[in-house]
Amino acid sequence: MNWNLKGWMAHAALLLAGLSLPFAGAEAAEDLPAAGYAARAEALVQEYVRDELFSGAVLVARDGKPLFRQGFGAANREWGIANTPDTRFRIGSVSKQFTAAAIMRLVDERKLMLDDEVGKHVRDLPPAWRKASLRQLLQHTSGIPRYTMLDDFDDRIGRIR
């Protein structure tokens with residue numbers, strides 16, 4: 001199937017919504033046994049895998065304890081490598097919105113300030129980057145270059161484990 005980004009995102013949202021259904025009510029979250037949840041989650045995900053609408057890894061946890069953790073489909077179709085719960089994915093910019101939300105939550109809790117210098121929280125930065133503020137990072141106005149655009153990214157940086 002040829003899925004565009006909108007179609008893929010819609011199916012991912014449905015999948016995530018389906019996985020969260022057992023926790024819709026407070027009593028369900030407390031009473032649902034992990035084994036029962038895992039079986040239901042796997043059955044739901046398998047439908048998407050069977051229809052070639054999902055390939056990846058799923059982790060669902062409650063109170064920091066995994067209830068369901070499994071890989072599905074191929075991590076690399078060309079080499080026949082399956083996804084596992086430990087598969088590492090190149091996520092690109094997908095995580096930016098979650099990082100921004102986490103930073104804003106820490107700002108709300110007064111654990112960070114938007115005008116904090118990055119160097120206060122991240123060690124071993126090049127001197128030119130240390131004074132950039134968290135606000136500038138969130139607004140993409142810090143002047144810090146995209147590391148994937150550096151001259152030696154493909155030959156050197158991209159190959160570092």
# chains A, B, ... in the order shown; residues from 1 in each chain; ligands from 1
>>> residues_around(residues="stretch 125-133 of chain A", least_positions_apart="2", cutoff="10 Å", atoms="only C-alpha atoms", output="PyMOL selection string")
chain A and resi 113-123+135-139+141-145
>>> write_last_selection(atoms="N, CA, C and O atoms", output="tab-separated table (two decimals), in the first residue's frame")
chain	number	residue	atom	x	y	z
A	113	MET	N	14.12	27.85	33.72
A	113	MET	CA	13.65	29.17	33.30
A	113	MET	C	13.93	29.28	31.80
A	113	MET	O	14.98	28.83	31.33
A	114	LEU	N	13.02	29.87	31.06
A	114	LEU	CA	13.21	29.98	29.62
A	114	LEU	C	14.47	30.77	29.26
A	114	LEU	O	15.06	30.54	28.21
A	115	ASP	N	14.88	31.68	30.12
A	115	ASP	CA	16.06	32.47	29.82
A	115	ASP	C	17.35	31.87	30.39
A	115	ASP	O	18.41	32.48	30.31
A	116	ASP	N	17.28	30.65	30.93
A	116	ASP	CA	18.49	29.93	31.35
A	116	ASP	C	19.38	29.73	30.14
A	116	ASP	O	18.89	29.43	29.04
A	117	GLU	N	20.68	29.85	30.37
A	117	GLU	CA	21.62	29.52	29.30
A	117	GLU	C	21.73	28.00	29.19
A	117	GLU	O	21.70	27.29	30.20
A	118	VAL	N	21.84	27.51	28.00
A	118	VAL	CA	21.92	26.06	27.76
A	118	VAL	C	23.12	25.47	28.50
A	118	VAL	O	23.03	24.38	29.06
A	119	GLY	N	24.20	26.21	28.55
A	119	GLY	CA	25.41	25.74	29.22
A	119	GLY	C	25.20	25.45	30.70
A	119	GLY	O	25.97	24.71	31.31
A	120	LYS	N	24.15	26.01	31.30
A	120	LYS	CA	23.84	25.74	32.70
A	120	LYS	C	23.35	24.30	32.88
A	120	LYS	O	23.51	23.70	33.94
A	121	HIS	N	22.76	23.73	31.84
A	121	HIS	CA	22.13	22.41	31.93
A	121	HIS	C	22.82	21.34	31.09
A	121	HIS	O	22.60	20.15	31.33
A	122	VAL	N	23.60	21.73	30.11
A	122	VAL	CA	24.24	20.76	29.21
A	122	VAL	C	25.75	21.01	29.23
A	122	VAL	O	26.20	22.12	28.93
A	123	ARG	N	26.49	19.99	29.59
A	123	ARG	CA	27.95	20.12	29.66
A	123	ARG	C	28.59	19.84	28.31
A	123	ARG	O	27.97	19.30	27.41
A	135	ARG	N	14.86	29.46	25.64
A	135	ARG	CA	13.84	30.13	24.81
A	135	ARG	C	14.30	30.16	23.35
A	135	ARG	O	13.52	29.85	22.44
A	136	GLN	N	15.57	30.52	23.13
A	136	GLN	CA	16.08	30.57	21.76
A	136	GLN	C	16.07	29.20	21.11
A	136	GLN	O	15.76	29.07	19.92
A	137	LEU	N	16.40	28.16	21.88
A	137	LEU	CA	16.35	26.81	21.31
A	137	LEU	C	14.93	26.46	20.89
A	137	LEU	O	14.71	25.92	19.80
A	138	LEU	N	13.96	26.77	21.75
A	138	LEU	CA	12.56	26.44	21.44
A	138	LEU	C	12.05	27.24	20.24
A	138	LEU	O	11.18	26.77	19.51
A	139	GLN	N	12.56	28.45	20.06
A	139	GLN	CA	12.12	29.31	18.96
A	139	GLN	C	12.98	29.13	17.70
A	139	GLN	O	12.75	29.81	16.70
A	141	THR	N	15.99	30.11	17.25
A	141	THR	CA	16.69	31.37	16.98
A	141	THR	C	18.04	31.42	17.69
A	141	THR	O	18.62	32.49	17.84
A	142	SER	N	18.56	30.28	18.12
A	142	SER	CA	19.80	30.24	18.91
A	142	SER	C	21.05	30.45	18.07
A	142	SER	O	22.10	30.80	18.60
A	143	GLY	N	20.97	30.20	16.79
A	143	GLY	CA	22.16	30.29	15.95
A	143	GLY	C	22.97	29.00	15.94
A	143	GLY	O	23.97	28.90	15.24
A	144	ILE	N	22.55	28.02	16.73
A	144	ILE	CA	23.25	26.72	16.73
A	144	ILE	C	22.88	26.00	15.44
A	144	ILE	O	21.70	25.83	15.13
A	145	PRO	N	23.88	25.58	14.67
A	145	PRO	CA	23.57	24.95	13.38
A	145	PRO	C	22.99	23.55	13.55
A	145	PRO	O	23.20	22.89	14.57
>>> residues_around(residues="A:Arg88", least_positions_apart="4", cutoff="10 Å", atoms="only C-alpha atoms", output="list in words")
Gly56, Ala57, Ala75, Asn83 and Thr84 of chain A
>>> write_last_selection(atoms="C-alpha atoms", output="PDB file, in the first residue's frame")
ATOM      1  CA  GLY A  56       7.603  -0.570  14.821  1.00  0.00           C
ATOM      2  CA  ALA A  57       7.822  -1.104  18.532  1.00  0.00           C
ATOM      3  CA  ALA A  75      13.115  -2.926  10.976  1.00  0.00           C
ATOM      4  CA  ASN A  83      11.738  -4.998  14.912  1.00  0.00           C
ATOM      5  CA  THR A  84      12.284  -5.771  18.575  1.00  0.00           C
TER       6      THR A  84
END
>>> select_by_dssp(residues="stretch 13-151 of chain A", states="strand (DSSP E or B)", output="list in words")
Gly56, Ala57, Val58, Leu59, Val60, Ala61, Arg62, Lys65, Pro66, Leu67, Phe68, Arg69, Gln70, Gly71, Phe72, Ala74, Ala75, Asn76, Ile81, Ala82, Glu117 and Ser133 of chain A
>>> write_last_selection(atoms="C-alpha atoms", output="mmCIF file, in the first residue's frame")
data_model
loop_
_atom_site.group_PDB
_atom_site.id
_atom_site.type_symbol
_atom_site.label_atom_id
_atom_site.label_comp_id
_atom_site.auth_asym_id
_atom_site.auth_seq_id
_atom_site.Cartn_x
_atom_site.Cartn_y
_atom_site.Cartn_z
ATOM 1 C CA GLY A 56 7.603 -0.570 14.821
ATOM 2 C CA ALA A 57 7.822 -1.104 18.532
ATOM 3 C CA VAL A 58 5.161 -0.555 21.189
ATOM 4 C CA LEU A 59 5.751 0.114 24.866
ATOM 5 C CA VAL A 60 2.904 0.797 27.261
ATOM 6 C CA ALA A 61 3.700 1.370 30.926
ATOM 7 C CA ARG A 62 1.714 2.179 34.040
ATOM 8 C CA LYS A 65 6.239 -0.579 34.913
ATOM 9 C CA PRO A 66 5.875 -2.028 31.404
ATOM 10 C CA LEU A 67 2.525 -3.673 30.734
ATOM 11 C CA PHE A 68 3.235 -4.374 27.086
ATOM 12 C CA ARG A 69 6.529 -4.246 25.190
ATOM 13 C CA GLN A 70 6.923 -5.806 21.756
ATOM 14 C CA GLY A 71 8.355 -5.209 18.289
ATOM 15 C CA PHE A 72 6.312 -5.709 15.130
ATOM 16 C CA ALA A 74 10.440 -5.310 9.779
ATOM 17 C CA ALA A 75 13.115 -2.926 10.976
ATOM 18 C CA ASN A 76 14.848 -3.467 7.645
ATOM 19 C CA ILE A 81 15.636 -7.787 10.141
ATOM 20 C CA ALA A 82 12.642 -7.771 12.485
ATOM 21 C CA GLU A 117 21.619 29.521 29.305
ATOM 22 C CA SER A 133 18.923 30.353 26.011
#
>>> select_by_dssp(residues="stretch 56-147 of chain A", states="helix (DSSP H, G or I)", output="MDAnalysis selection string")
chainID A and resid 92:108 118:120 127:130 134:139 147
>>> write_last_selection(atoms="N, CA and C atoms", output="PDB file, in the first residue's frame")
ATOM      1  N   GLY A  92      14.379  11.458  13.593  1.00  0.00           N
ATOM      2  CA  GLY A  92      14.451  12.791  13.007  1.00  0.00           C
ATOM      3  C   GLY A  92      13.884  13.843  13.941  1.00  0.00           C
ATOM      4  N   SER A  93      13.006  14.674  13.438  1.00  0.00           N
ATOM      5  CA  SER A  93      12.469  15.788  14.210  1.00  0.00           C
ATOM      6  C   SER A  93      11.181  15.453  14.945  1.00  0.00           C
ATOM      7  N   VAL A  94      10.763  14.214  14.920  1.00  0.00           N
ATOM      8  CA  VAL A  94       9.503  13.837  15.551  1.00  0.00           C
ATOM      9  C   VAL A  94       9.493  14.163  17.041  1.00  0.00           C
ATOM     10  N   SER A  95      10.642  14.087  17.685  1.00  0.00           N
ATOM     11  CA  SER A  95      10.685  14.276  19.139  1.00  0.00           C
ATOM     12  C   SER A  95      10.714  15.735  19.567  1.00  0.00           C
ATOM     13  N   LYS A  96      10.869  16.666  18.646  1.00  0.00           N
ATOM     14  CA  LYS A  96      10.985  18.073  19.036  1.00  0.00           C
ATOM     15  C   LYS A  96       9.777  18.557  19.823  1.00  0.00           C
ATOM     16  N   GLN A  97       8.593  18.204  19.396  1.00  0.00           N
ATOM     17  CA  GLN A  97       7.398  18.692  20.088  1.00  0.00           C
ATOM     18  C   GLN A  97       7.295  18.134  21.501  1.00  0.00           C
ATOM     19  N   PHE A  98       7.746  16.893  21.694  1.00  0.00           N
ATOM     20  CA  PHE A  98       7.687  16.293  23.025  1.00  0.00           C
ATOM     21  C   PHE A  98       8.744  16.905  23.939  1.00  0.00           C
ATOM     22  N   THR A  99       9.910  17.196  23.373  1.00  0.00           N
ATOM     23  CA  THR A  99      10.968  17.848  24.141  1.00  0.00           C
ATOM     24  C   THR A  99      10.513  19.243  24.557  1.00  0.00           C
ATOM     25  N   ALA A 100       9.906  19.969  23.639  1.00  0.00           N
ATOM     26  CA  ALA A 100       9.416  21.309  23.952  1.00  0.00           C
ATOM     27  C   ALA A 100       8.353  21.254  25.049  1.00  0.00           C
ATOM     28  N   ALA A 101       7.437  20.293  24.958  1.00  0.00           N
ATOM     29  CA  ALA A 101       6.396  20.156  25.983  1.00  0.00           C
ATOM     30  C   ALA A 101       7.006  19.823  27.338  1.00  0.00           C
ATOM     31  N   ALA A 102       8.021  18.956  27.351  1.00  0.00           N
ATOM     32  CA  ALA A 102       8.683  18.599  28.611  1.00  0.00           C
ATOM     33  C   ALA A 102       9.390  19.810  29.205  1.00  0.00           C
ATOM     34  N   ILE A 103      10.056  20.594  28.362  1.00  0.00           N
ATOM     35  CA  ILE A 103      10.729  21.798  28.852  1.00  0.00           C
ATOM     36  C   ILE A 103       9.706  22.772  29.427  1.00  0.00           C
ATOM     37  N   MET A 104       8.597  22.967  28.737  1.00  0.00           N
ATOM     38  CA  MET A 104       7.582  23.899  29.230  1.00  0.00           C
ATOM     39  C   MET A 104       6.958  23.411  30.540  1.00  0.00           C
ATOM     40  N   ARG A 105       6.839  22.133  30.688  1.00  0.00           N
ATOM     41  CA  ARG A 105       6.332  21.594  31.957  1.00  0.00           C
ATOM     42  C   ARG A 105       7.319  21.892  33.091  1.00  0.00           C
ATOM     43  N   LEU A 106       8.612  21.715  32.816  1.00  0.00           N
ATOM     44  CA  LEU A 106       9.631  22.033  33.823  1.00  0.00           C
ATOM     45  C   LEU A 106       9.663  23.529  34.124  1.00  0.00           C
ATOM     46  N   VAL A 107       9.378  24.352  33.130  1.00  0.00           N
ATOM     47  CA  VAL A 107       9.279  25.799  33.353  1.00  0.00           C
ATOM     48  C   VAL A 107       8.084  26.084  34.261  1.00  0.00           C
ATOM     49  N   ASP A 108       6.951  25.455  33.997  1.00  0.00           N
ATOM     50  CA  ASP A 108       5.763  25.627  34.848  1.00  0.00           C
ATOM     51  C   ASP A 108       6.039  25.221  36.290  1.00  0.00           C
ATOM     52  N   VAL A 118      21.841  27.506  27.997  1.00  0.00           N
ATOM     53  CA  VAL A 118      21.924  26.062  27.759  1.00  0.00           C
ATOM     54  C   VAL A 118      23.116  25.475  28.504  1.00  0.00           C
ATOM     55  N   GLY A 119      24.204  26.215  28.549  1.00  0.00           N
ATOM     56  CA  GLY A 119      25.405  25.743  29.223  1.00  0.00           C
ATOM     57  C   GLY A 119      25.199  25.454  30.699  1.00  0.00           C
ATOM     58  N   LYS A 120      24.154  26.009  31.299  1.00  0.00           N
ATOM     59  CA  LYS A 120      23.839  25.736  32.703  1.00  0.00           C
ATOM     60  C   LYS A 120      23.354  24.298  32.879  1.00  0.00           C
ATOM     61  N   PRO A 127      31.989  26.466  23.053  1.00  0.00           N
ATOM     62  CA  PRO A 127      31.828  27.765  23.730  1.00  0.00           C
ATOM     63  C   PRO A 127      30.762  28.658  23.088  1.00  0.00           C
ATOM     64  N   ALA A 128      30.655  28.652  21.779  1.00  0.00           N
ATOM     65  CA  ALA A 128      29.697  29.529  21.093  1.00  0.00           C
ATOM     66  C   ALA A 128      28.245  29.143  21.367  1.00  0.00           C
ATOM     67  N   TRP A 129      28.010  27.935  21.820  1.00  0.00           N
ATOM     68  CA  TRP A 129      26.639  27.484  22.044  1.00  0.00           C
ATOM     69  C   TRP A 129      26.177  27.676  23.487  1.00  0.00           C
ATOM     70  N   ARG A 130      27.105  27.812  24.409  1.00  0.00           N
ATOM     71  CA  ARG A 130      26.771  27.801  25.839  1.00  0.00           C
ATOM     72  C   ARG A 130      25.816  28.899  26.259  1.00  0.00           C
ATOM     73  N   LEU A 134      17.322  28.645  26.578  1.00  0.00           N
ATOM     74  CA  LEU A 134      16.319  27.619  26.276  1.00  0.00           C
ATOM     75  C   LEU A 134      15.235  28.206  25.374  1.00  0.00           C
ATOM     76  N   ARG A 135      14.859  29.456  25.637  1.00  0.00           N
ATOM     77  CA  ARG A 135      13.842  30.127  24.810  1.00  0.00           C
ATOM     78  C   ARG A 135      14.298  30.159  23.346  1.00  0.00           C
ATOM     79  N   GLN A 136      15.567  30.517  23.127  1.00  0.00           N
ATOM     80  CA  GLN A 136      16.082  30.572  21.758  1.00  0.00           C
ATOM     81  C   GLN A 136      16.068  29.198  21.105  1.00  0.00           C
ATOM     82  N   LEU A 137      16.400  28.162  21.878  1.00  0.00           N
ATOM     83  CA  LEU A 137      16.346  26.813  21.313  1.00  0.00           C
ATOM     84  C   LEU A 137      14.929  26.462  20.889  1.00  0.00           C
ATOM     85  N   LEU A 138      13.957  26.773  21.747  1.00  0.00           N
ATOM     86  CA  LEU A 138      12.564  26.445  21.436  1.00  0.00           C
ATOM     87  C   LEU A 138      12.047  27.238  20.240  1.00  0.00           C
ATOM     88  N   GLN A 139      12.564  28.454  20.062  1.00  0.00           N
ATOM     89  CA  GLN A 139      12.117  29.306  18.955  1.00  0.00           C
ATOM     90  C   GLN A 139      12.979  29.131  17.699  1.00  0.00           C
ATOM     91  N   TYR A 147      23.242  19.936  13.153  1.00  0.00           N
ATOM     92  CA  TYR A 147      24.454  19.126  13.028  1.00  0.00           C
ATOM     93  C   TYR A 147      24.452  18.278  11.758  1.00  0.00           C
TER      94      TYR A 147
END
